[in-house]
>>> print(open('query-v7.cif').read())   # mmCIF, C-alpha atoms
data_model
loop_
_atom_site.group_PDB
_atom_site.id
_atom_site.type_symbol
_atom_site.label_atom_id
_atom_site.label_comp_id
_atom_site.auth_asym_id
_atom_site.auth_seq_id
_atom_site.Cartn_x
_atom_site.Cartn_y
_atom_site.Cartn_z
ATOM 1 C CA MET O 1 124.029 119.234 102.133
ATOM 2 C CA ALA O 2 125.163 116.097 103.944
ATOM 3 C CA GLN O 3 125.162 112.879 101.956
ATOM 4 C CA LYS O 4 122.921 110.151 103.329
ATOM 5 C CA GLY O 5 124.489 106.701 103.170
ATOM 6 C CA ASP O 6 127.495 105.586 101.132
ATOM 7 C CA LEU O 7 128.482 103.195 98.364
ATOM 8 C CA MET O 8 129.250 100.293 100.702
ATOM 9 C CA THR O 9 126.162 100.104 102.891
ATOM 10 C CA ALA O 10 122.464 99.400 102.340
ATOM 11 C CA ARG O 11 119.987 102.047 103.419
ATOM 12 C CA PRO O 12 116.923 100.274 104.818
ATOM 13 C CA ASP O 13 114.667 103.262 104.100
ATOM 14 C CA ILE O 14 115.130 103.016 100.317
ATOM 15 C CA ARG O 15 112.280 101.433 98.380
ATOM 16 C CA VAL O 16 111.967 100.784 94.642
ATOM 17 C CA LEU O 17 108.887 101.242 92.453
ATOM 18 C CA ASP O 18 108.541 99.586 89.039
ATOM 19 C CA ALA O 19 106.738 101.941 86.628
ATOM 20 C CA THR O 20 107.198 99.836 83.490
ATOM 21 C CA ILE O 21 103.488 99.462 82.706
ATOM 22 C CA ARG O 22 102.512 103.021 83.590
ATOM 23 C CA ASP O 23 105.302 105.029 81.948
ATOM 24 C CA GLY O 24 106.036 102.323 79.395
ATOM 25 C CA GLY O 25 102.363 102.250 78.486
ATOM 26 C CA LEU O 26 102.773 105.734 77.038
ATOM 27 C CA VAL O 27 104.918 104.076 74.345
ATOM 28 C CA ASN O 28 102.349 101.526 73.140
ATOM 29 C CA ASN O 29 99.012 102.920 74.393
ATOM 30 C CA PHE O 30 99.119 100.323 77.196
ATOM 31 C CA MET O 31 98.641 97.465 74.738
ATOM 32 C CA PHE O 32 100.532 94.883 76.800
ATOM 33 C CA THR O 33 99.589 91.217 76.669
ATOM 34 C CA ASP O 34 98.369 89.493 79.814
ATOM 35 C CA ASP O 35 101.373 87.196 79.533
ATOM 36 C CA PHE O 36 103.702 90.211 79.665
ATOM 37 C CA ILE O 37 101.944 91.664 82.729
ATOM 38 C CA ASN O 38 101.853 88.319 84.528
ATOM 39 C CA ALA O 39 105.544 87.771 83.895
ATOM 40 C CA LEU O 40 106.402 91.301 85.022
ATOM 41 C CA TYR O 41 104.454 90.845 88.253
ATOM 42 C CA ARG O 42 106.229 87.589 89.018
ATOM 43 C CA ALA O 43 109.641 89.066 88.148
ATOM 44 C CA ASN O 44 109.080 92.057 90.416
ATOM 45 C CA VAL O 45 108.040 89.861 93.328
ATOM 46 C CA LYS O 46 111.107 87.637 92.884
ATOM 47 C CA ALA O 47 113.372 90.666 92.543
ATOM 48 C CA GLY O 48 112.166 92.124 95.843
ATOM 49 C CA ILE O 49 110.671 95.255 94.263
ATOM 50 C CA ASP O 50 108.636 97.206 96.815
ATOM 51 C CA TYR O 51 105.898 98.642 94.548
ATOM 52 C CA MET O 52 104.573 97.780 91.101
ATOM 53 C CA GLU O 53 102.591 100.490 89.339
ATOM 54 C CA PHE O 54 99.947 99.012 87.050
ATOM 55 C CA GLY O 55 99.032 102.157 85.155
ATOM 56 C CA TYR O 56 96.586 105.048 85.324
ATOM 57 C CA LYS O 57 93.129 105.514 86.771
ATOM 58 C CA ALA O 58 92.017 107.448 83.687
ATOM 59 C CA SER O 59 88.453 108.539 83.031
ATOM 60 C CA LYS O 60 86.520 106.461 80.511
ATOM 61 C CA GLU O 61 84.509 109.585 79.785
ATOM 62 C CA LEU O 62 87.645 111.349 78.543
ATOM 63 C CA PHE O 63 89.564 108.473 76.935
ATOM 64 C CA ASP O 64 88.241 105.976 74.397
ATOM 65 C CA VAL O 65 88.590 102.476 75.831
ATOM 66 C CA ASN O 66 88.927 101.121 72.293
ATOM 67 C CA LYS O 67 92.113 103.120 71.691
ATOM 68 C CA PHE O 68 93.975 102.098 74.830
ATOM 69 C CA GLY O 69 94.864 98.937 76.668
ATOM 70 C CA LYS O 70 93.244 98.213 80.023
ATOM 71 C CA TRP O 71 96.154 99.595 82.045
ATOM 72 C CA LYS O 72 95.152 103.099 81.023
ATOM 73 C CA PHE O 73 92.174 102.557 83.343
ATOM 74 C CA CYS O 74 93.292 99.921 85.877
ATOM 75 C CA ASP O 75 89.884 98.507 86.712
ATOM 76 C CA GLU O 76 89.923 96.551 89.950
ATOM 77 C CA ALA O 77 88.931 93.324 88.187
ATOM 78 C CA ALA O 78 91.772 93.672 85.665
ATOM 79 C CA ILE O 79 94.401 94.036 88.393
ATOM 80 C CA ARG O 80 92.963 91.116 90.364
ATOM 81 C CA GLU O 81 93.162 88.911 87.260
ATOM 82 C CA ILE O 82 96.932 89.309 87.562
ATOM 83 C CA VAL O 83 97.583 89.487 91.294
ATOM 84 C CA GLY O 84 94.562 87.861 92.921
ATOM 85 C CA ASP O 85 94.660 89.140 96.492
ATOM 86 C CA ASN O 86 98.367 89.948 96.009
ATOM 87 C CA ASN O 87 99.685 87.528 98.603
ATOM 88 C CA SER O 88 103.179 88.988 98.389
ATOM 89 C CA ASP O 89 105.246 91.634 100.147
ATOM 90 C CA MET O 90 105.109 93.876 97.069
ATOM 91 C CA LYS O 91 102.551 96.687 97.079
ATOM 92 C CA ILE O 92 100.365 97.733 94.141
ATOM 93 C CA SER O 93 100.311 101.321 92.893
ATOM 94 C CA VAL O 94 98.303 103.344 90.370
ATOM 95 C CA MET O 95 98.599 106.922 89.128
ATOM 96 C CA ALA O 96 95.743 109.421 88.948
ATOM 97 C CA ASP O 97 96.228 112.572 86.848
ATOM 98 C CA VAL O 98 94.529 115.762 87.987
ATOM 99 C CA GLY O 99 91.688 116.513 85.566
ATOM 100 C CA ARG O 100 91.859 113.101 83.897
ATOM 101 C CA CYS O 101 90.436 110.835 86.577
ATOM 102 C CA ASP O 102 86.922 110.290 87.932
ATOM 103 C CA TYR O 103 88.540 109.613 91.276
ATOM 104 C CA LYS O 104 85.451 109.882 93.468
ATOM 105 C CA LYS O 105 83.869 106.840 91.814
ATOM 106 C CA ASP O 106 86.790 105.042 90.118
ATOM 107 C CA ILE O 107 89.045 104.879 93.189
ATOM 108 C CA LEU O 108 87.300 102.485 95.550
ATOM 109 C CA PRO O 109 87.633 102.418 99.327
ATOM 110 C CA ARG O 110 90.888 100.709 100.242
ATOM 111 C CA GLU O 111 89.123 97.771 101.917
ATOM 112 C CA ASP O 112 87.480 96.951 98.568
ATOM 113 C CA SER O 113 90.677 97.190 96.515
ATOM 114 C CA VAL O 114 93.939 95.332 96.050
ATOM 115 C CA ILE O 115 95.662 98.674 95.364
ATOM 116 C CA ASP O 116 97.890 100.013 98.151
ATOM 117 C CA MET O 117 99.088 103.388 96.877
ATOM 118 C CA VAL O 118 97.638 106.175 94.734
ATOM 119 C CA ARG O 119 100.080 108.626 93.178
ATOM 120 C CA VAL O 120 98.418 111.918 92.278
ATOM 121 C CA ALA O 121 100.143 113.563 89.296
ATOM 122 C CA THR O 122 99.762 117.311 89.014
ATOM 123 C CA TYR O 123 101.266 120.430 87.527
ATOM 124 C CA VAL O 124 102.095 123.126 90.026
ATOM 125 C CA HIS O 125 99.164 125.337 89.006
ATOM 126 C CA GLN O 126 96.757 122.456 89.710
ATOM 127 C CA MET O 127 97.710 122.055 93.369
ATOM 128 C CA PRO O 128 94.273 122.917 94.816
ATOM 129 C CA ALA O 129 92.653 120.186 92.693
ATOM 130 C CA ALA O 130 95.514 117.802 93.525
ATOM 131 C CA ILE O 131 94.996 118.394 97.237
ATOM 132 C CA GLU O 132 91.320 117.495 96.903
ATOM 133 C CA MET O 133 92.258 114.235 95.146
ATOM 134 C CA ILE O 134 94.965 113.458 97.704
ATOM 135 C CA GLU O 135 92.628 113.976 100.635
ATOM 136 C CA ASP O 136 89.961 111.833 98.952
ATOM 137 C CA ALA O 137 92.401 108.934 98.432
ATOM 138 C CA LYS O 138 93.816 109.297 101.922
ATOM 139 C CA SER O 139 90.346 109.280 103.469
ATOM 140 C CA LYS O 140 89.675 106.028 101.593
ATOM 141 C CA GLY O 141 92.676 104.437 103.302
ATOM 142 C CA TYR O 142 95.444 104.574 100.695
ATOM 143 C CA GLU O 143 99.072 105.520 100.914
ATOM 144 C CA VAL O 144 99.243 108.668 98.759
ATOM 145 C CA THR O 145 101.971 110.662 97.039
ATOM 146 C CA CYS O 146 101.919 114.070 95.386
ATOM 147 C CA ASN O 147 103.829 114.017 92.086
ATOM 148 C CA ILE O 148 104.467 117.571 90.877
ATOM 149 C CA MET O 149 105.434 117.244 87.215
ATOM 150 C CA ALA O 150 107.699 119.305 84.965
ATOM 151 C CA ILE O 151 109.540 120.992 87.827
ATOM 152 C CA SER O 152 112.419 122.007 85.536
ATOM 153 C CA ASN O 153 109.960 124.280 83.735
ATOM 154 C CA THR O 154 108.296 125.687 86.860
ATOM 155 C CA GLN O 155 108.890 129.054 88.502
ATOM 156 C CA GLU O 156 110.875 128.433 91.683
ATOM 157 C CA SER O 157 108.577 130.668 93.711
ATOM 158 C CA ASP O 158 105.544 128.645 92.543
ATOM 159 C CA LEU O 159 107.293 125.388 93.445
ATOM 160 C CA ASP O 160 108.202 126.730 96.879
ATOM 161 C CA GLN O 161 104.580 127.655 97.488
ATOM 162 C CA ALA O 162 103.429 124.212 96.339
ATOM 163 C CA LEU O 163 105.855 122.587 98.796
ATOM 164 C CA VAL O 164 104.408 124.663 101.621
ATOM 165 C CA MET O 165 100.930 123.517 100.568
ATOM 166 C CA PHE O 166 102.162 119.916 100.493
ATOM 167 C CA ALA O 167 103.484 120.198 104.042
ATOM 168 C CA ASN O 168 99.965 120.899 105.316
ATOM 169 C CA ILE O 169 98.108 117.994 103.680
ATOM 170 C CA SER O 170 97.860 114.314 104.527
ATOM 171 C CA SER O 171 99.935 113.003 101.621
ATOM 172 C CA ASP O 172 102.534 110.449 102.739
ATOM 173 C CA GLY O 173 105.175 111.567 100.265
ATOM 174 C CA ILE O 174 106.110 113.928 97.475
ATOM 175 C CA TYR O 175 107.937 113.187 94.232
ATOM 176 C CA ILE O 176 110.665 115.015 92.379
ATOM 177 C CA VAL O 177 109.410 114.489 88.821
ATOM 178 C CA GLU O 178 112.014 115.362 86.206
ATOM 179 C CA SER O 179 109.597 115.208 83.280
ATOM 180 C CA TYR O 180 111.758 116.794 80.582
ATOM 181 C CA GLY O 181 115.098 115.160 81.386
ATOM 182 C CA ALA O 182 116.601 118.653 81.546
ATOM 183 C CA LEU O 183 118.260 118.713 84.965
ATOM 184 C CA TYR O 184 121.801 117.743 85.926
ATOM 185 C CA PRO O 185 122.911 115.962 89.122
ATOM 186 C CA GLU O 186 123.985 119.196 90.813
ATOM 187 C CA GLN O 187 120.507 120.631 90.257
ATOM 188 C CA ILE O 188 118.902 117.405 91.470
ATOM 189 C CA ARG O 189 121.058 117.617 94.599
ATOM 190 C CA ARG O 190 119.756 121.093 95.434
ATOM 191 C CA THR O 191 116.173 120.134 94.601
ATOM 192 C CA ALA O 192 116.334 116.983 96.721
ATOM 193 C CA ASP O 193 117.724 118.986 99.630
ATOM 194 C CA LYS O 194 114.791 121.412 99.371
ATOM 195 C CA TYR O 195 112.198 118.623 99.162
ATOM 196 C CA THR O 196 113.651 116.480 101.937
ATOM 197 C CA GLU O 197 113.946 119.419 104.332
ATOM 198 C CA ILE O 198 110.220 120.122 104.066
ATOM 199 C CA ALA O 199 109.184 116.463 103.917
ATOM 200 C CA GLU O 200 111.221 115.292 106.892
ATOM 201 C CA ALA O 201 110.035 118.225 109.003
ATOM 202 C CA ASN O 202 106.487 116.987 108.414
ATOM 203 C CA GLY O 203 107.032 113.235 108.746
ATOM 204 C CA LYS O 204 106.848 112.535 105.011
ATOM 205 C CA PHE O 205 109.141 110.896 102.433
ATOM 206 C CA VAL O 206 110.442 112.013 99.033
ATOM 207 C CA GLY O 207 110.452 110.016 95.787
ATOM 208 C CA MET O 208 112.348 110.426 92.505
ATOM 209 C CA HIS O 209 111.090 109.922 88.943
ATOM 210 C CA ALA O 210 113.645 110.716 86.231
ATOM 211 C CA HIS O 211 113.659 110.809 82.418
ATOM 212 C CA ASN O 212 116.647 109.932 80.288
ATOM 213 C CA ASN O 213 116.777 112.676 77.636
ATOM 214 C CA GLN O 214 120.409 113.476 78.461
ATOM 215 C CA GLN O 215 121.312 109.948 79.629
ATOM 216 C CA LEU O 216 121.121 111.131 83.240
ATOM 217 C CA ALA O 217 118.069 109.282 84.585
ATOM 218 C CA PHE O 218 120.176 106.780 86.533
ATOM 219 C CA ALA O 219 122.715 109.392 87.649
ATOM 220 C CA ASN O 220 119.986 111.761 88.809
ATOM 221 C CA THR O 221 118.160 108.964 90.635
ATOM 222 C CA ILE O 222 121.162 107.884 92.676
ATOM 223 C CA GLU O 223 122.118 111.531 93.277
ATOM 224 C CA ALA O 224 118.651 112.104 94.739
ATOM 225 C CA ALA O 225 119.043 108.983 96.872
ATOM 226 C CA ALA O 226 122.334 110.302 98.221
ATOM 227 C CA GLN O 227 120.434 113.372 99.452
ATOM 228 C CA GLY O 228 117.856 111.330 101.348
ATOM 229 C CA VAL O 229 115.225 110.589 98.692
ATOM 230 C CA SER O 230 113.913 107.137 99.561
ATOM 231 C CA LEU O 231 111.329 105.957 96.983
ATOM 232 C CA LEU O 232 113.015 105.429 93.620
ATOM 233 C CA ASP O 233 111.216 104.842 90.293
ATOM 234 C CA ALA O 234 112.676 102.628 87.601
ATOM 235 C CA THR O 235 111.454 100.637 84.589
ATOM 236 C CA MET O 236 112.637 97.511 82.816
ATOM 237 C CA MET O 237 115.257 98.491 80.241
ATOM 238 C CA GLY O 238 114.276 102.098 81.010
ATOM 239 C CA MET O 239 110.992 101.719 79.087
ATOM 240 C CA GLY O 240 108.994 104.933 79.258
ATOM 241 C CA ARG O 241 107.701 107.907 77.335
ATOM 242 C CA GLY O 242 110.247 109.257 74.857
ATOM 243 C CA ALA O 243 113.768 108.762 76.155
ATOM 244 C CA GLY O 244 112.476 106.567 78.947
ATOM 245 C CA ASN O 245 113.359 106.338 82.620
ATOM 246 C CA CYS O 246 115.974 105.085 85.043
ATOM 247 C CA ALA O 247 116.640 101.445 84.109
ATOM 248 C CA MET O 248 115.656 98.901 86.756
ATOM 249 C CA GLU O 249 118.656 96.713 85.977
ATOM 250 C CA LEU O 250 120.984 99.656 86.622
ATOM 251 C CA LEU O 251 119.301 100.660 89.860
ATOM 252 C CA LEU O 252 119.180 97.177 91.389
ATOM 253 C CA SER O 253 122.795 96.623 90.396
ATOM 254 C CA PHE O 254 123.714 99.809 92.275
ATOM 255 C CA LEU O 255 121.717 99.308 95.485
ATOM 256 C CA LYS O 256 123.489 97.252 98.117
ATOM 257 C CA ASN O 257 120.412 95.959 99.921
ATOM 258 C CA PRO O 258 120.488 92.141 99.690
ATOM 259 C CA LYS O 259 116.680 92.071 99.498
ATOM 260 C CA TYR O 260 116.982 93.064 95.821
ATOM 261 C CA ASN O 261 117.812 90.418 93.231
ATOM 262 C CA VAL O 262 118.697 91.501 89.693
ATOM 263 C CA PHE O 263 118.516 87.994 88.162
ATOM 264 C CA PRO O 264 114.691 87.891 87.736
ATOM 265 C CA VAL O 265 114.933 91.321 86.099
ATOM 266 C CA LEU O 266 117.554 90.117 83.631
ATOM 267 C CA LYS O 267 115.461 87.050 82.845
ATOM 268 C CA PHE O 268 112.369 89.190 82.250
ATOM 269 C CA ILE O 269 114.306 91.521 79.957
ATOM 270 C CA GLU O 270 115.631 88.574 77.991
ATOM 271 C CA GLU O 271 112.257 86.876 77.592
ATOM 272 C CA HIS O 272 109.879 89.842 77.302
ATOM 273 C CA MET O 273 111.536 93.244 76.854
ATOM 274 C CA LEU O 274 113.768 92.266 73.931
ATOM 275 C CA PRO O 275 110.826 90.757 71.981
ATOM 276 C CA LEU O 276 108.815 93.896 72.753
ATOM 277 C CA LYS O 277 111.588 96.012 71.255
ATOM 278 C CA GLU O 278 111.809 93.721 68.237
ATOM 279 C CA SER O 279 108.045 94.045 67.701
ATOM 280 C CA GLY O 280 108.486 97.771 67.043
ATOM 281 C CA ALA O 281 108.015 99.495 70.402
ATOM 282 C CA VAL O 282 110.332 102.513 70.440
ATOM 283 C CA TRP O 283 111.791 104.211 73.492
ATOM 284 C CA GLY O 284 115.183 105.228 74.827
ATOM 285 C CA TYR O 285 117.854 107.850 74.319
ATOM 286 C CA ASP O 286 118.047 109.473 70.892
ATOM 287 C CA ILE O 287 119.458 112.762 69.596
ATOM 288 C CA PRO O 288 116.066 114.558 69.358
ATOM 289 C CA TYR O 289 115.424 113.790 73.044
ATOM 290 C CA LEU O 290 118.819 115.202 73.942
ATOM 291 C CA LEU O 291 117.859 118.435 72.168
ATOM 292 C CA THR O 292 114.476 118.867 73.868
ATOM 293 C CA GLY O 293 116.091 118.013 77.196
ATOM 294 C CA ARG O 294 118.886 120.516 76.641
ATOM 295 C CA LEU O 295 116.302 123.208 75.881
ATOM 296 C CA ASN O 296 114.045 122.160 78.764
ATOM 297 C CA GLN O 297 111.112 121.429 76.441
ATOM 298 C CA HIS O 298 108.410 118.778 76.476
ATOM 299 C CA PRO O 299 109.586 115.756 74.425
ATOM 300 C CA SER O 300 106.481 115.648 72.217
ATOM 301 C CA ALA O 301 108.283 117.336 69.307
ATOM 302 C CA ALA O 302 111.113 114.810 69.565
ATOM 303 C CA ILE O 303 108.674 111.896 69.712
ATOM 304 C CA ASP O 304 107.016 113.091 66.492
ATOM 305 C CA TYR O 305 110.358 113.709 64.799
ATOM 306 C CA ILE O 306 111.642 110.228 65.588
ATOM 307 C CA LYS O 307 108.405 108.700 64.317
ATOM 308 C CA SER O 308 108.897 110.581 61.031
ATOM 309 C CA GLY O 309 112.202 108.806 60.444
ATOM 310 C CA GLU O 310 114.002 112.091 59.781
ATOM 311 C CA THR O 311 117.620 112.494 60.890
ATOM 312 C CA HIS O 312 118.319 116.138 60.042
ATOM 313 C CA TYR O 313 119.208 116.882 63.645
ATOM 314 C CA ALA O 314 120.684 120.323 63.039
ATOM 315 C CA ASP O 315 117.491 121.451 61.281
ATOM 316 C CA PHE O 316 115.391 119.974 64.064
ATOM 317 C CA TYR O 317 117.470 121.845 66.636
ATOM 318 C CA THR O 318 117.021 125.075 64.701
ATOM 319 C CA ASP O 319 113.265 124.552 64.670
ATOM 320 C CA LEU O 320 113.268 123.996 68.449
ATOM 321 C CA LEU O 321 115.261 127.172 68.967
ATOM 322 C CA ASP O 322 112.809 129.128 66.814
ATOM 323 C CA LYS O 323 109.960 127.921 69.001
#
>>> encode(input="query-v7.cif", output="structure tokens")
Amino acid sequence: MAQKGDLMTARPDIRVLDATIRDGGLVNNFMFTDDFINALYRANVKAGIDYMEFGYKASKELFDVNKFGKWKFCDEAAIREIVGDNNSDMKISVMADVGRCDYKKDILPREDSVIDMVRVATYVHQMPAAIEMIEDAKSKGYEVTCNIMAISNTQESDLDQALVMFANISSDGIYIVESYGALYPEQIRRTADKYTEIAEANGKFVGMHAHNNQQLAFANTIEAAAQGVSLLDATMMGMGRGAGNCAMELLLSFLKNPKYNVFPVLKFIEEHMLPLKESGAVWGYDIPYLLTGRLNQHPSAAIDYIKSGETHYADFYTDLLDK
């Protein structure tokens, strides 16, 4: 596996996506203020970020609009209130979960939308439904990615078959999604090699979305980049579900491309992320997340345990082992 690039040069193919609202919204039910979203948009533009993901295209038939902020649904009007016609070089992204999105009516034709990219999130067993969603979005004119979740907990033979299916559809890219924060850099290296071999043979790119259960989100992201992965997810201060994600400030500080500017990110963290933390929003590395990551389990049990305020970590670990 030959390394792509080095620590002294800037790879022009690398792009960065800010997922603060989308993954971070899982922390606070997407209850961000308009001031926060406006400031984040401006900070991302100034920082040279390539994509900003505004949230999900979730079905209002399945999710109560009174229990979630508007970025759970990403109505066209709501995005335009922030970006207008988005007269910037940064592209707008949304995520659509298989089985949770009324994509045929809620995802408009591209010419009627300010959104540039639709990321279709799927588990490996949902690939046929994901392909239908991908082809629908592509036919409407969007850039589209296939985000296969929870790969650390997926049979390798099933993943291999899904990658073959991916090679034969019109998706622009595919994501390595390390949902449980269970994998180590060596495993990411092998996975990235597998993904990039198939993607590059079919004129597609590979992205990386990491979780920080074992404090490896940043390490795994740059390891994937070294193997040719070119679209990298990050969030401000690592804000995301449970242990959170690769921190934007870390990633921009690592990348050598002069188009990226970490100062607007630091300013945004100072003025908006720290107050958000102080208001009670909870995310980031904690012992229970380490334990679910180590056991390759969904972090939901750790999220509940942290909310309970308990700190009997050995007992919690025993309970996880019993399950």
>>> resolve_selection(input="query-v7.cif", expression="the PyMOL selection byres ((chain O and resi 100) around 12)", output="PyMOL selection string")
chain O and resi 56-63+72-73+95-99+101-104+106+120-122+129-130+133
>>> residues_near_point(input="query-v7.cif", point="(113.1, 105.7, 76.9)", cutoff="10 Å", atoms="all atoms listed in the file", output="NGL selection string")
:O and (23-24 or 27 or 211-213 or 215 or 217 or 235 or 237-247 or 282-286 or 289)
>>> closest_residue(input="query-v7.cif", among="O:Pro275, O:Tyr123, O:Leu290, O:Arg15", to="Ala302 (chain O)", atoms="all atoms listed in the file")
O:Leu290
>>> resolve_selection(input="query-v7.cif", expression="the PyMOL selection byres ((chain O and resi 37-48) around 7)", output="number ranges by chain")
O: 32-36, 49-50, 82, 90, 259-262, 264-265, 268
>>> atom_distance(input="query-v7.cif", atom1="CA of Ile131 (chain O)", atom2="CA of Gly173 (chain O)")
12.6 Å
>>> resolve_selection(input="query-v7.cif", expression="the PyMOL selection byres ((chain O and resi 316) around 10)", output="list in words")
Ile287, Pro288, Leu291, Thr292, Ala301, Ala302, Tyr305, Glu310, Thr311, His312, Tyr313, Ala314, Asp315, Tyr317, Thr318, Asp319, Leu320, Leu321 and Asp322 of chain O
>>> atom_distance(input="query-v7.cif", atom1="CA of Arg80 (chain O)", atom2="CA of His272 (chain O)")
21.4 Å
>>> atom_distance(input="query-v7.cif", atom1="CA of Val114 (chain O)", atom2="CA of Gly55 (chain O)")
13.8 Å
>>> build_atoms(input="query-v7.cif", residues="region 46-58 of chain O", atoms="N, CA and C atoms", output="compact mmCIF listing (two decimals), keeping the file's coordinate frame")
# COMPACT_ATOMS: atom_id res chain seq x y z
N LYS O 46 109.86 88.38 92.68
CA LYS O 46 111.11 87.64 92.88
C LYS O 46 112.30 88.57 93.09
N ALA O 47 112.25 89.72 92.45
CA ALA O 47 113.37 90.67 92.54
C ALA O 47 113.34 91.48 93.83
N GLY O 48 112.27 91.38 94.60
CA GLY O 48 112.17 92.12 95.84
C GLY O 48 111.72 93.57 95.68
N ILE O 49 111.15 93.90 94.51
CA ILE O 49 110.67 95.26 94.26
C ILE O 49 109.57 95.59 95.27
N ASP O 50 109.55 96.82 95.74
CA ASP O 50 108.64 97.21 96.82
C ASP O 50 107.24 97.58 96.31
N TYR O 51 107.17 98.23 95.13
CA TYR O 51 105.90 98.64 94.55
C TYR O 51 105.91 98.33 93.06
N MET O 52 104.75 97.93 92.54
CA MET O 52 104.57 97.78 91.10
C MET O 52 103.39 98.64 90.69
N GLU O 53 103.65 99.60 89.81
CA GLU O 53 102.59 100.49 89.34
C GLU O 53 101.96 99.89 88.08
N PHE O 54 100.64 99.68 88.15
CA PHE O 54 99.95 99.01 87.05
C PHE O 54 99.50 99.96 85.95
N GLY O 55 99.44 101.24 86.21
CA GLY O 55 99.03 102.16 85.16
C GLY O 55 98.28 103.33 85.74
N TYR O 56 97.36 103.87 84.93
CA TYR O 56 96.59 105.05 85.32
C TYR O 56 95.17 104.67 85.75
N LYS O 57 94.57 105.55 86.52
CA LYS O 57 93.13 105.51 86.77
C LYS O 57 92.52 106.62 85.92
N ALA O 58 92.50 106.42 84.60
CA ALA O 58 92.02 107.45 83.69
C ALA O 58 90.50 107.35 83.52
